[in-house]
file final_26.pdb (PDB, C-alpha atoms)
ATOM      1  CA  MET A   1      28.776 108.810 291.443
ATOM      2  CA  VAL A   2      25.130 107.762 291.619
ATOM      3  CA  THR A   3      23.085 110.106 293.834
ATOM      4  CA  SER A   4      19.715 109.624 295.475
ATOM      5  CA  ALA A   5      18.188 112.190 293.123
ATOM      6  CA  HIS A   6      19.674 110.348 290.166
ATOM      7  CA  GLU A   7      18.141 107.081 291.349
ATOM      8  CA  GLY A   8      14.764 108.657 291.982
ATOM      9  CA  MET A   9      14.488 110.256 288.557
ATOM     10  CA  HIS A  10      14.586 106.906 286.768
ATOM     11  CA  ARG A  11      13.560 104.362 289.427
ATOM     12  CA  ILE A  12      10.078 105.830 289.754
ATOM     13  CA  PHE A  13       9.289 104.635 286.212
ATOM     14  CA  GLU A  14       9.898 101.067 287.353
ATOM     15  CA  GLU A  15       8.131 101.406 290.701
ATOM     16  CA  ARG A  16       5.226 103.578 289.523
ATOM     17  CA  PRO A  17       4.701 102.917 285.779
ATOM     18  CA  GLU A  18       1.414 104.836 285.850
ATOM     19  CA  ILE A  19       3.465 107.971 285.187
ATOM     20  CA  LEU A  20       4.381 106.705 281.704
ATOM     21  CA  ALA A  21       1.159 107.869 280.035
ATOM     22  CA  PRO A  22       1.236 111.461 281.359
ATOM     23  CA  VAL A  23       4.973 111.777 280.698
ATOM     24  CA  PHE A  24       4.541 110.627 277.096
ATOM     25  CA  GLY A  25       1.559 112.954 276.836
ATOM     26  CA  ALA A  26       3.764 115.865 277.897
ATOM     27  CA  LEU A  27       6.120 114.903 275.075
ATOM     28  CA  GLY A  28       3.266 114.831 272.548
ATOM     29  CA  ILE A  29       3.682 111.112 271.914
ATOM     30  CA  PRO A  30       0.653 108.797 272.198
ATOM     31  CA  PHE A  31       0.886 106.084 274.808
ATOM     32  CA  PRO A  32      -1.583 103.186 274.995
ATOM     33  CA  ASP A  33      -4.336 103.446 277.579
ATOM     34  CA  LYS A  34      -3.733  99.835 278.515
ATOM     35  CA  ALA A  35      -0.178  98.589 278.631
ATOM     36  CA  ALA A  36       1.854  96.309 280.859
ATOM     37  CA  ALA A  37       5.340  97.430 281.898
ATOM     38  CA  TYR A  38       8.014  95.042 283.110
ATOM     39  CA  ALA A  39      11.505  95.782 284.321
ATOM     40  CA  VAL A  40      14.256  94.347 282.132
ATOM     41  CA  THR A  41      17.839  93.857 283.220
ATOM     42  CA  SER A  42      19.739  97.089 282.755
ATOM     43  CA  ASP A  43      23.094  95.338 282.327
ATOM     44  CA  VAL A  44      24.339  95.861 278.771
ATOM     45  CA  THR A  45      27.856  94.610 279.448
ATOM     46  CA  GLU A  46      29.403  92.480 276.726
ATOM     47  CA  THR A  47      32.867  91.931 278.188
ATOM     48  CA  ARG A  48      34.050  91.768 281.771
ATOM     49  CA  PRO A  49      36.521  94.683 281.705
ATOM     50  CA  LEU A  50      33.868  97.223 280.643
ATOM     51  CA  VAL A  51      30.743  97.454 282.761
ATOM     52  CA  ARG A  52      27.781  99.298 281.280
ATOM     53  CA  HIS A  53      24.358  99.810 282.819
ATOM     54  CA  VAL A  54      21.307 101.666 281.598
ATOM     55  CA  ASP A  55      19.594 103.345 284.539
ATOM     56  CA  THR A  56      16.231 101.635 283.989
ATOM     57  CA  VAL A  57      14.902  99.487 281.147
ATOM     58  CA  LEU A  58      11.206  98.665 280.816
ATOM     59  CA  ARG A  59       9.493  96.334 278.410
ATOM     60  CA  ILE A  60       6.204  97.917 277.364
ATOM     61  CA  GLU A  61       3.472  95.586 276.160
ATOM     62  CA  PRO A  62       0.629  97.700 274.716
ATOM     63  CA  SER A  63      -2.814  96.249 274.260
ATOM     64  CA  ASP A  64      -3.045  97.849 270.821
ATOM     65  CA  GLY A  65       0.360  97.365 269.227
ATOM     66  CA  ASP A  66       3.794  95.795 269.227
ATOM     67  CA  ASP A  67       5.999  95.557 272.288
ATOM     68  CA  PHE A  68       8.936  97.930 272.685
ATOM     69  CA  LEU A  69      11.685  98.708 275.157
ATOM     70  CA  LEU A  70      11.961 101.989 277.033
ATOM     71  CA  ALA A  71      15.418 102.856 278.309
ATOM     72  CA  VAL A  72      15.270 105.587 280.963
ATOM     73  CA  GLU A  73      18.358 107.637 281.796
ATOM     74  CA  ALA A  74      18.571 110.286 284.533
ATOM     75  CA  GLN A  75      20.936 113.089 283.553
ATOM     76  CA  GLU A  76      21.866 115.863 285.969
ATOM     77  CA  ARG A  77      24.552 117.591 283.946
ATOM     78  CA  ARG A  78      26.003 117.758 280.460
ATOM     79  CA  ASP A  79      28.285 114.812 279.727
ATOM     80  CA  PRO A  80      29.869 114.574 276.256
ATOM     81  CA  ALA A  81      30.567 110.860 276.765
ATOM     82  CA  LYS A  82      26.858 110.119 276.931
ATOM     83  CA  SER A  83      26.302 110.586 273.203
ATOM     84  CA  ALA A  84      28.307 107.419 272.541
ATOM     85  CA  SER A  85      26.916 105.567 275.565
ATOM     86  CA  TRP A  86      23.320 106.228 274.610
ATOM     87  CA  ALA A  87      23.885 105.111 271.036
ATOM     88  CA  TYR A  88      25.439 101.915 272.389
ATOM     89  CA  TYR A  89      22.551 101.264 274.778
ATOM     90  CA  VAL A  90      19.947 101.602 272.035
ATOM     91  CA  ALA A  91      21.872  99.442 269.543
ATOM     92  CA  TYR A  92      22.652  96.759 272.123
ATOM     93  CA  LEU A  93      19.093  96.498 273.431
ATOM     94  CA  GLN A  94      17.652  96.379 269.939
ATOM     95  CA  SER A  95      20.103  93.634 268.943
ATOM     96  CA  LYS A  96      19.578  91.562 272.098
ATOM     97  CA  TYR A  97      15.783  91.752 272.380
ATOM     98  CA  ARG A  98      14.926  92.169 268.693
ATOM     99  CA  MET A  99      12.396  94.918 269.265
ATOM    100  CA  PRO A 100      12.205  98.712 268.901
ATOM    101  CA  VAL A 101      13.854 100.854 271.570
ATOM    102  CA  LEU A 102      13.010 104.330 272.813
ATOM    103  CA  LEU A 103      15.406 106.334 274.985
ATOM    104  CA  LEU A 104      13.942 108.719 277.564
ATOM    105  CA  VAL A 105      16.266 111.138 279.343
ATOM    106  CA  VAL A 106      15.014 112.816 282.540
ATOM    107  CA  CYS A 107      16.586 116.147 283.540
ATOM    108  CA  ARG A 108      16.075 118.626 286.374
ATOM    109  CA  ASP A 109      17.517 121.727 284.733
ATOM    110  CA  ARG A 110      16.812 123.394 281.415
ATOM    111  CA  ALA A 111      20.380 123.591 280.141
ATOM    112  CA  THR A 112      20.932 119.862 280.543
ATOM    113  CA  ALA A 113      17.561 119.071 278.989
ATOM    114  CA  LYS A 114      18.305 121.234 275.965
ATOM    115  CA  TRP A 115      21.654 119.503 275.435
ATOM    116  CA  ALA A 116      20.253 116.000 276.011
ATOM    117  CA  ALA A 117      17.707 116.400 273.214
ATOM    118  CA  GLY A 118      20.517 116.064 270.684
ATOM    119  CA  PRO A 119      20.403 114.636 268.119
ATOM    120  CA  PHE A 120      23.800 112.951 268.515
ATOM    121  CA  GLU A 121      25.349 111.809 265.278
ATOM    122  CA  CYS A 122      28.071 109.353 264.377
ATOM    123  CA  GLY A 123      29.684 109.590 260.970
ATOM    124  CA  ALA A 124      32.560 110.854 258.882
ATOM    125  CA  ARG A 125      33.298 112.536 255.577
ATOM    126  CA  GLY A 126      29.913 114.204 255.536
ATOM    127  CA  TRP A 127      27.994 110.977 256.002
ATOM    128  CA  THR A 128      25.911 110.140 259.085
ATOM    129  CA  VAL A 129      25.847 106.442 259.808
ATOM    130  CA  GLN A 130      23.931 106.628 263.058
ATOM    131  CA  ARG A 131      21.811 109.239 264.820
ATOM    132  CA  THR A 132      20.530 109.098 268.410
ATOM    133  CA  HIS A 133      17.529 111.291 269.121
ATOM    134  CA  PRO A 134      16.427 110.893 272.772
ATOM    135  CA  LEU A 135      13.085 111.839 274.202
ATOM    136  CA  VAL A 136      13.780 114.389 276.925
ATOM    137  CA  VAL A 137      11.575 115.448 279.819
ATOM    138  CA  GLY A 138      12.502 118.354 282.061
ATOM    139  CA  PRO A 139      11.206 121.545 283.669
ATOM    140  CA  ASP A 140      10.268 123.113 280.325
ATOM    141  CA  ASN A 141       7.926 120.393 279.080
ATOM    142  CA  LEU A 142       6.761 118.505 282.183
ATOM    143  CA  PRO A 143       3.686 120.136 283.763
ATOM    144  CA  ALA A 144       4.064 121.324 287.343
ATOM    145  CA  VAL A 145       1.268 119.771 289.413
ATOM    146  CA  THR A 146       0.099 122.515 291.772
ATOM    147  CA  ASP A 147      -3.580 121.726 292.363
ATOM    148  CA  ARG A 148      -4.770 119.443 295.144
ATOM    149  CA  ARG A 149      -7.226 117.450 293.064
ATOM    150  CA  THR A 150      -4.601 116.328 290.563
ATOM    151  CA  ALA A 151      -2.160 115.566 293.368
ATOM    152  CA  ALA A 152      -4.756 113.350 295.062
ATOM    153  CA  GLU A 153      -5.679 111.563 291.837
ATOM    154  CA  LYS A 154      -2.132 111.215 290.459
ATOM    155  CA  PRO A 155       0.315 111.138 293.370
ATOM    156  CA  ALA A 156       3.045 109.334 291.422
ATOM    157  CA  MET A 157       2.996 111.925 288.657
ATOM    158  CA  THR A 158       2.965 114.678 291.269
ATOM    159  CA  ALA A 159       6.012 113.168 292.992
ATOM    160  CA  PHE A 160       7.816 112.959 289.660
ATOM    161  CA  SER A 161       6.819 116.548 288.931
ATOM    162  CA  ALA A 162       8.218 117.606 292.322
ATOM    163  CA  LEU A 163      11.505 115.877 291.605
ATOM    164  CA  THR A 164      11.809 117.301 288.091
ATOM    165  CA  HIS A 165      10.950 120.843 289.261
ATOM    166  CA  ALA A 166      12.949 120.623 292.493
ATOM    167  CA  ASN A 167      15.251 123.430 291.348
ATOM    168  CA  SER A 168      12.402 125.600 290.017
ATOM    169  CA  ALA A 169      10.438 128.346 291.736
ATOM    170  CA  VAL A 170       7.280 126.242 291.498
ATOM    171  CA  GLY A 171       8.842 123.324 293.375
ATOM    172  CA  ASP A 172       7.507 124.318 296.806
ATOM    173  CA  ALA A 173       3.940 124.552 295.530
ATOM    174  CA  ILE A 174       4.147 121.005 294.147
ATOM    175  CA  LEU A 175       5.412 119.679 297.469
ATOM    176  CA  ASP A 176       2.606 121.477 299.310
ATOM    177  CA  VAL A 177      -0.192 119.858 297.289
ATOM    178  CA  LEU A 178       1.437 116.434 297.466
ATOM    179  CA  GLY A 179       1.814 116.793 301.217
ATOM    180  CA  HIS A 180      -1.875 117.592 301.471
ATOM    181  CA  ALA A 181      -2.702 114.551 299.312
ATOM    182  CA  LEU A 182      -0.947 112.235 301.771
ATOM    183  CA  ALA A 183      -3.911 112.639 304.149
ATOM    184  CA  GLY A 184      -6.211 110.660 301.892
ATOM    185  CA  MET A 185      -3.785 107.945 300.863
ATOM    186  CA  GLU A 186      -3.631 104.366 301.994
ATOM    187  CA  GLN A 187      -0.829 103.950 304.543
ATOM    188  CA  SER A 188       1.661 102.090 302.347
ATOM    189  CA  ALA A 189       1.257 104.617 299.524
ATOM    190  CA  ALA A 190       1.710 107.555 301.889
ATOM    191  CA  GLN A 191       4.838 105.982 303.317
ATOM    192  CA  TYR A 192       6.206 105.262 299.843
ATOM    193  CA  PHE A 193       5.881 108.829 298.580
ATOM    194  CA  SER A 194       7.070 110.282 301.880
ATOM    195  CA  GLN A 195      10.209 108.166 301.883
ATOM    196  CA  PHE A 196      10.763 108.381 298.122
ATOM    197  CA  LEU A 197      11.000 112.175 298.091
ATOM    198  CA  ASP A 198      12.870 112.266 301.388
ATOM    199  CA  THR A 199      15.588 110.134 299.805
ATOM    200  CA  ALA A 200      15.453 111.582 296.299
ATOM    201  CA  LEU A 201      15.528 115.236 297.378
ATOM    202  CA  GLY A 202      18.212 114.586 299.986
ATOM    203  CA  THR A 203      19.732 117.574 301.760
ATOM    204  CA  THR A 204      18.599 120.129 299.178
ATOM    205  CA  PRO A 205      16.295 123.034 300.146
ATOM    206  CA  ALA A 206      13.446 121.090 298.535
ATOM    207  CA  GLY A 207      14.318 118.108 300.724
ATOM    208  CA  GLU A 208      14.167 120.250 303.846
ATOM    209  CA  LYS A 209      10.844 121.666 302.704
ATOM    210  CA  TRP A 210       9.468 118.151 302.208
ATOM    211  CA  ARG A 211      10.614 116.950 305.622
ATOM    212  CA  ASN A 212       8.923 119.952 307.233
ATOM    213  CA  ILE A 213       5.694 119.057 305.451
ATOM    214  CA  VAL A 214       5.598 115.389 306.444
ATOM    215  CA  SER A 215       6.609 116.154 310.026
ATOM    216  CA  PHE A 216       3.019 117.221 310.700
ATOM    217  CA  VAL A 217       1.322 114.045 311.826
ATOM    218  CA  ASN A 218      -2.137 115.153 310.822
ATOM    219  CA  TYR A 219      -1.203 113.662 307.455
ATOM    220  CA  PHE A 220      -1.019 110.239 309.131
ATOM    221  CA  PRO A 221      -3.971 110.181 311.561
ATOM    222  CA  GLY A 222      -4.353 106.970 313.528
ATOM    223  CA  ARG A 223      -1.955 104.976 311.363
ATOM    224  CA  GLY A 224       0.697 104.319 313.984
ATOM    225  CA  THR A 225       3.567 105.475 311.789
ATOM    226  CA  LEU A 226       6.906 106.462 313.266
ATOM    227  CA  LEU A 227       6.131 110.105 312.543
ATOM    228  CA  GLU A 228       2.839 109.872 314.395
ATOM    229  CA  ARG A 229       4.313 108.064 317.392
ATOM    230  CA  THR A 230       7.108 110.604 317.657
ATOM    231  CA  PHE A 231       4.665 113.500 317.465
ATOM    232  CA  ASN A 232       2.347 111.962 320.045
ATOM    233  CA  GLU A 233       5.196 111.312 322.445
ATOM    234  CA  GLY A 234       6.333 114.917 322.109
ATOM    235  CA  THR A 235       2.806 116.206 322.660
ATOM    236  CA  ALA A 236       2.320 114.014 325.744
ATOM    237  CA  THR A 237       5.629 115.159 327.210
ATOM    238  CA  GLY A 238       4.711 118.815 326.723
ATOM    239  CA  GLU A 239       1.270 118.432 328.311
ATOM    240  CA  ALA A 240       2.707 116.437 331.212
ATOM    241  CA  LYS A 241       4.808 119.465 332.074
ATOM    242  CA  GLY A 242       1.609 121.498 331.922
ATOM    243  CA  VAL A 243      -0.134 119.181 334.394
ATOM    244  CA  LEU A 244       2.696 119.559 336.902
ATOM    245  CA  SER A 245       2.770 123.342 336.410
ATOM    246  CA  VAL A 246      -0.958 123.713 337.094
ATOM    247  CA  LEU A 247      -0.715 121.608 340.242
ATOM    248  CA  LYS A 248       2.285 123.622 341.404
ATOM    249  CA  VAL A 249       0.504 126.952 340.867
ATOM    250  CA  ARG A 250      -2.512 125.660 342.784
ATOM    251  CA  GLY A 251      -0.257 124.580 345.664
ATOM    252  CA  ILE A 252      -1.103 120.884 345.355
ATOM    253  CA  PRO A 253       1.805 118.619 346.349
ATOM    254  CA  VAL A 254       2.823 115.890 343.877
ATOM    255  CA  PRO A 255       4.411 112.755 345.363
ATOM    256  CA  ASP A 256       7.340 111.304 343.430
ATOM    257  CA  HIS A 257       5.449 108.196 342.297
ATOM    258  CA  ILE A 258       2.667 110.341 340.822
ATOM    259  CA  ARG A 259       5.144 112.678 339.165
ATOM    260  CA  GLU A 260       6.746 109.604 337.557
ATOM    261  CA  GLN A 261       3.356 108.337 336.374
ATOM    262  CA  ILE A 262       2.554 111.681 334.764
ATOM    263  CA  THR A 263       5.903 112.240 333.035
ATOM    264  CA  SER A 264       6.246 108.648 331.792
ATOM    265  CA  CYS A 265       2.844 108.553 330.045
ATOM    266  CA  LEU A 266       3.159 108.883 326.255
ATOM    267  CA  ASP A 267      -0.573 108.880 325.491
ATOM    268  CA  PRO A 268      -1.442 112.506 324.572
ATOM    269  CA  VAL A 269      -5.184 111.912 325.007
ATOM    270  CA  ARG A 270      -4.786 110.663 328.556
ATOM    271  CA  VAL A 271      -2.353 113.408 329.522
ATOM    272  CA  SER A 272      -4.724 115.997 328.056
ATOM    273  CA  GLU A 273      -7.467 114.653 330.332
ATOM    274  CA  TRP A 274      -5.141 115.001 333.308
ATOM    275  CA  LEU A 275      -4.392 118.575 332.308
ATOM    276  CA  ASP A 276      -8.126 119.396 332.348
ATOM    277  CA  ARG A 277      -8.558 117.722 335.732
ATOM    278  CA  ALA A 278      -5.521 119.482 337.201
ATOM    279  CA  GLU A 279      -7.584 122.682 337.339
ATOM    280  CA  THR A 280     -10.180 121.219 339.737
ATOM    281  CA  VAL A 281      -8.761 118.277 341.696
ATOM    282  CA  GLU A 282      -7.970 118.680 345.388
ATOM    283  CA  ARG A 283      -5.256 116.005 345.422
ATOM    284  CA  ALA A 284      -2.777 114.820 342.786
ATOM    285  CA  GLU A 285      -4.128 111.284 343.208
ATOM    286  CA  ASP A 286      -7.517 112.451 341.927
ATOM    287  CA  LEU A 287      -6.078 112.924 338.428
ATOM    288  CA  PHE A 288      -6.351 109.182 337.869
ATOM    289  CA  THR A 289      -9.965 108.671 338.921
ATOM    290  CA  ASP A 290     -12.746 108.591 336.365
ATOM    291  CA  THR A 291     -14.629 111.249 338.349
ATOM    292  CA  PRO A 292     -12.344 113.574 340.277
ATOM    293  CA  GLU A 293     -13.354 114.178 343.852
ATOM    294  CA  THR A 294     -14.938 117.554 344.480
ATOM    295  CA  PRO A 295     -15.607 119.359 347.755
ATOM    296  CA  GLU A 296     -18.932 118.537 349.337
ATOM    297  CA  SER A 297     -21.543 121.146 348.926
ATOM    298  CA  VAL A 298     -22.162 123.275 351.999
TER     299      VAL A 298
END

call {"tool": "encode", "arguments": {"input": "final_26.pdb", "output": "structure tokens"}}
result
Amino acid sequence: MVTSAHEGMHRIFEERPEILAPVFGALGIPFPDKAAAYAVTSDVTETRPLVRHVDTVLRIEPSDGDDFLLAVEAQERRDPAKSASWAYYVAYLQSKYRMPVLLLVVCRDRATAKWAAGPFECGARGWTVQRTHPLVVGPDNLPAVTDRRTAAEKPAMTAFSALTHANSAVGDAILDVLGHALAGMEQSAAQYFSQFLDTALGTTPAGEKWRNIVSFVNYFPGRGTLLERTFNEGTATGEAKGVLSVLKVRGIPVPDHIREQITSCLDPVRVSEWLDRAETVERAEDLFTDTPETPESV
């Protein structure tokens, strides 16, 4: 069964290919400074009865070398059947596209990452006819991004780091710096990373942590997002109750139509102004005037 975390661990390479260079750097393998990456069909089915799909396949076109394919597989647990599947994927893609193929396996736990590194061999009678040696990235070799500057400069890599380290003790710290980085992002980018991790982390403790972080609307000031509107409506409702309480304590009657006007307003700035005025007005109607009426000086 394909899970949201599974999808996130490989889909981000297609949606945010800027993480390729730092991920390859973590593996100690040079990656071109300038390279184009294009999604390639992940269907490697040859006959109808047997359906096979690589998680994500990218065609990498470096500015300083030959093109190659990168097959990305997300692996969340040890699966003995994968040794044959991965060998098939590499052989099929190489045969179909006539270019070199690299296989990258993304893991979230150390035991799976250690197993996925292989190599996986096919042979008999002491002879190896084929060997599959995947590149593997996981908690042990992918840096945990825990400083705000890096998170602001490389949000995609930080999001990938958060997903890879979701089960690690450092996971919360990564989410904290990425949450802080949302404040300086363009709206569509902030929404992408917010929703990406919300979906990818799901109902895990890390997912709950992330939802608590993005629930603070100060990360989305003035952008009109759903989170901001919801927060503002809640704030306005709370302060409206405060306006009515102050008037009640001061013994000022509030007609029904004014009560309705106060409680139905969802603009927190306006309601805050009413709350300030509630301390000095002589009548409830005076809340809505630009200059509240005050008693004449004696």

call {"tool": "closest_atom_pairs", "arguments": {"input": "final_26.pdb", "of": "region 69-168 of chain A", "to": "region 182-195 of chain A", "cutoff": "12 Å", "atoms": "all atoms listed in the file", "output": "Markdown table"}}
result
| residue | atom | partner | partner_atom | distance |
| --- | --- | --- | --- | --- |
| A:Arg148 | CA | A:Leu182 | CA | 10.5 |
| A:Arg149 | CA | A:Gly184 | CA | 11.2 |
| A:Ala151 | CA | A:Leu182 | CA | 9.1 |
| A:Ala152 | CA | A:Gly184 | CA | 7.5 |
| A:Glu153 | CA | A:Met185 | CA | 9.9 |
| A:Lys154 | CA | A:Met185 | CA | 11.0 |
| A:Pro155 | CA | A:Phe193 | CA | 8.0 |
| A:Ala156 | CA | A:Phe193 | CA | 7.7 |
| A:Met157 | CA | A:Phe193 | CA | 10.8 |
| A:Thr158 | CA | A:Phe193 | CA | 9.8 |
| A:Ala159 | CA | A:Phe193 | CA | 7.1 |
| A:Phe160 | CA | A:Phe193 | CA | 10.0 |
| A:Ala162 | CA | A:Phe193 | CA | 11.0 |
| A:Leu163 | CA | A:Phe193 | CA | 11.4 |

call {"tool": "write_last_selection", "arguments": {"input": "final_26.pdb", "atoms": "C-alpha atoms", "output": "mmCIF file, in the coordinates of the input"}}
result
data_model
loop_
_atom_site.group_PDB
_atom_site.id
_atom_site.type_symbol
_atom_site.label_atom_id
_atom_site.label_comp_id
_atom_site.auth_asym_id
_atom_site.auth_seq_id
_atom_site.Cartn_x
_atom_site.Cartn_y
_atom_site.Cartn_z
ATOM 1 C CA ARG A 148 -4.770 119.443 295.144
ATOM 2 C CA ARG A 149 -7.226 117.450 293.064
ATOM 3 C CA ALA A 151 -2.160 115.566 293.368
ATOM 4 C CA ALA A 152 -4.756 113.350 295.062
ATOM 5 C CA GLU A 153 -5.679 111.563 291.837
ATOM 6 C CA LYS A 154 -2.132 111.215 290.459
ATOM 7 C CA PRO A 155 0.315 111.138 293.370
ATOM 8 C CA ALA A 156 3.045 109.334 291.422
ATOM 9 C CA MET A 157 2.996 111.925 288.657
ATOM 10 C CA THR A 158 2.965 114.678 291.269
ATOM 11 C CA ALA A 159 6.012 113.168 292.992
ATOM 12 C CA PHE A 160 7.816 112.959 289.660
ATOM 13 C CA ALA A 162 8.218 117.606 292.322
ATOM 14 C CA LEU A 163 11.505 115.877 291.605
#

call {"tool": "resolve_selection", "arguments": {"input": "final_26.pdb", "expression": "the PyMOL selection byres ((chain A and resi 13-17) around 12)", "output": "ChimeraX atom specification"}}
result
/A:7-12,18-24,34-42,55-60,70-74,104-106,154-160,189,192-193,196

call {"tool": "write_last_selection", "arguments": {"input": "final_26.pdb", "atoms": "C-alpha atoms", "output": "PDB file, in the frame of the given file"}}
result
ATOM      1  CA  GLU A   7      18.141 107.081 291.349  1.00  0.00           C
ATOM      2  CA  GLY A   8      14.764 108.657 291.982  1.00  0.00           C
ATOM      3  CA  MET A   9      14.488 110.256 288.557  1.00  0.00           C
ATOM      4  CA  HIS A  10      14.586 106.906 286.768  1.00  0.00           C
ATOM      5  CA  ARG A  11      13.560 104.362 289.427  1.00  0.00           C
ATOM      6  CA  ILE A  12      10.078 105.830 289.754  1.00  0.00           C
ATOM      7  CA  GLU A  18       1.414 104.836 285.850  1.00  0.00           C
ATOM      8  CA  ILE A  19       3.465 107.971 285.187  1.00  0.00           C
ATOM      9  CA  LEU A  20       4.381 106.705 281.704  1.00  0.00           C
ATOM     10  CA  ALA A  21       1.159 107.869 280.035  1.00  0.00           C
ATOM     11  CA  PRO A  22       1.236 111.461 281.359  1.00  0.00           C
ATOM     12  CA  VAL A  23       4.973 111.777 280.698  1.00  0.00           C
ATOM     13  CA  PHE A  24       4.541 110.627 277.096  1.00  0.00           C
ATOM     14  CA  LYS A  34      -3.733  99.835 278.515  1.00  0.00           C
ATOM     15  CA  ALA A  35      -0.178  98.589 278.631  1.00  0.00           C
ATOM     16  CA  ALA A  36       1.854  96.309 280.859  1.00  0.00           C
ATOM     17  CA  ALA A  37       5.340  97.430 281.898  1.00  0.00           C
ATOM     18  CA  TYR A  38       8.014  95.042 283.110  1.00  0.00           C
ATOM     19  CA  ALA A  39      11.505  95.782 284.321  1.00  0.00           C
ATOM     20  CA  VAL A  40      14.256  94.347 282.132  1.00  0.00           C
ATOM     21  CA  THR A  41      17.839  93.857 283.220  1.00  0.00           C
ATOM     22  CA  SER A  42      19.739  97.089 282.755  1.00  0.00           C
ATOM     23  CA  ASP A  55      19.594 103.345 284.539  1.00  0.00           C
ATOM     24  CA  THR A  56      16.231 101.635 283.989  1.00  0.00           C
ATOM     25  CA  VAL A  57      14.902  99.487 281.147  1.00  0.00           C
ATOM     26  CA  LEU A  58      11.206  98.665 280.816  1.00  0.00           C
ATOM     27  CA  ARG A  59       9.493  96.334 278.410  1.00  0.00           C
ATOM     28  CA  ILE A  60       6.204  97.917 277.364  1.00  0.00           C
ATOM     29  CA  LEU A  70      11.961 101.989 277.033  1.00  0.00           C
ATOM     30  CA  ALA A  71      15.418 102.856 278.309  1.00  0.00           C
ATOM     31  CA  VAL A  72      15.270 105.587 280.963  1.00  0.00           C
ATOM     32  CA  GLU A  73      18.358 107.637 281.796  1.00  0.00           C
ATOM     33  CA  ALA A  74      18.571 110.286 284.533  1.00  0.00           C
ATOM     34  CA  LEU A 104      13.942 108.719 277.564  1.00  0.00           C
ATOM     35  CA  VAL A 105      16.266 111.138 279.343  1.00  0.00           C
ATOM     36  CA  VAL A 106      15.014 112.816 282.540  1.00  0.00           C
ATOM     37  CA  LYS A 154      -2.132 111.215 290.459  1.00  0.00           C
ATOM     38  CA  PRO A 155       0.315 111.138 293.370  1.00  0.00           C
ATOM     39  CA  ALA A 156       3.045 109.334 291.422  1.00  0.00           C
ATOM     40  CA  MET A 157       2.996 111.925 288.657  1.00  0.00           C
ATOM     41  CA  THR A 158       2.965 114.678 291.269  1.00  0.00           C
ATOM     42  CA  ALA A 159       6.012 113.168 292.992  1.00  0.00           C
ATOM     43  CA  PHE A 160       7.816 112.959 289.660  1.00  0.00           C
ATOM     44  CA  ALA A 189       1.257 104.617 299.524  1.00  0.00           C
ATOM     45  CA  TYR A 192       6.206 105.262 299.843  1.00  0.00           C
ATOM     46  CA  PHE A 193       5.881 108.829 298.580  1.00  0.00           C
ATOM     47  CA  PHE A 196      10.763 108.381 298.122  1.00  0.00           C
TER      48      PHE A 196
END

call {"tool": "closest_residue", "arguments": {"input": "final_26.pdb", "among": "A:Leu266, A:Val54, A:Leu275, A:Ile258", "to": "Gln75 (chain A)", "atoms": "only C-alpha atoms"}}
result
A:Val54

call {"tool": "residues_around", "arguments": {"input": "final_26.pdb", "residues": "region 131-138 of chain A", "least_positions_apart": "2", "cutoff": "9 Å", "atoms": "all atoms listed in the file", "output": "ChimeraX atom specification"}}
result
/A:23-24,26-27,83-84,86-87,90,102-110,112-114,116-123,128-129,140-142,164-165

call {"tool": "atom_distance", "arguments": {"input": "final_26.pdb", "atom1": "CA of Arg77 (chain A)", "atom2": "CA of Leu178 (chain A)"}}
result
26.8 Å

call {"tool": "atom_distance", "arguments": {"input": "final_26.pdb", "atom1": "CA of Arg270 (chain A)", "atom2": "CA of Gly179 (chain A)"}}
result
28.8 Å

call {"tool": "atom_distance", "arguments": {"input": "final_26.pdb", "atom1": "CA of Asp256 (chain A)", "atom2": "CA of Ala284 (chain A)"}}
result
10.7 Å

call {"tool": "closest_residue", "arguments": {"input": "final_26.pdb", "among": "A:Asp267, A:Glu239, A:Glu282, A:Glu273", "to": "Gly251 (chain A)", "atoms": "all atoms listed in the file"}}
result
A:Glu282

call {"tool": "closest_residue", "arguments": {"input": "final_26.pdb", "among": "A:Pro268, A:Pro253, A:Gly202, A:Pro80", "to": "Val281 (chain A)", "atoms": "all atoms listed in the file"}}
result
A:Pro253

call {"tool": "resolve_selection", "arguments": {"input": "final_26.pdb", "expression": "the PyMOL selection byres ((chain A and resi 175) around 10)", "output": "VMD selection string"}}
result
chain A and resid 145 to 146 151 158 to 159 161 to 163 165 to 166 170 to 174 176 to 181 197 206 to 207 209 to 210 213 to 214

call {"tool": "residues_near_point", "arguments": {"input": "final_26.pdb", "point": "(13.4, 100.8, 270.3)", "cutoff": "6 Å", "atoms": "only C-alpha atoms", "output": "list in words"}}
result
Phe68, Leu69, Pro100, Val101 and Leu102 of chain A

call {"tool": "write_last_selection", "arguments": {"input": "final_26.pdb", "atoms": "C-alpha atoms", "output": "PDB file, in the coordinates of the input"}}
result
ATOM      1  CA  PHE A  68       8.936  97.930 272.685  1.00  0.00           C
ATOM      2  CA  LEU A  69      11.685  98.708 275.157  1.00  0.00           C
ATOM      3  CA  PRO A 100      12.205  98.712 268.901  1.00  0.00           C
ATOM      4  CA  VAL A 101      13.854 100.854 271.570  1.00  0.00           C
ATOM      5  CA  LEU A 102      13.010 104.330 272.813  1.00  0.00           C
TER       6      LEU A 102
END

call {"tool": "resolve_selection", "arguments": {"input": "final_26.pdb", "expression": "the PyMOL selection byres ((chain A and resi 288) around 12)", "output": "MDAnalysis selection string"}}
result
chainID A and resid 258 261:262 270:271 273:278 281 283:287 289:293

call {"tool": "axis_aligned_box", "arguments": {"input": "final_26.pdb", "around": "region 191-204 of chain A", "padding_each_side": "3 Å", "output": "lines of an AutoDock Vina configuration file"}}
result
center_x = 12.3
center_y = 112.7
center_z = 299.8
size_x = 20.9
size_y = 20.9
size_z = 13.0
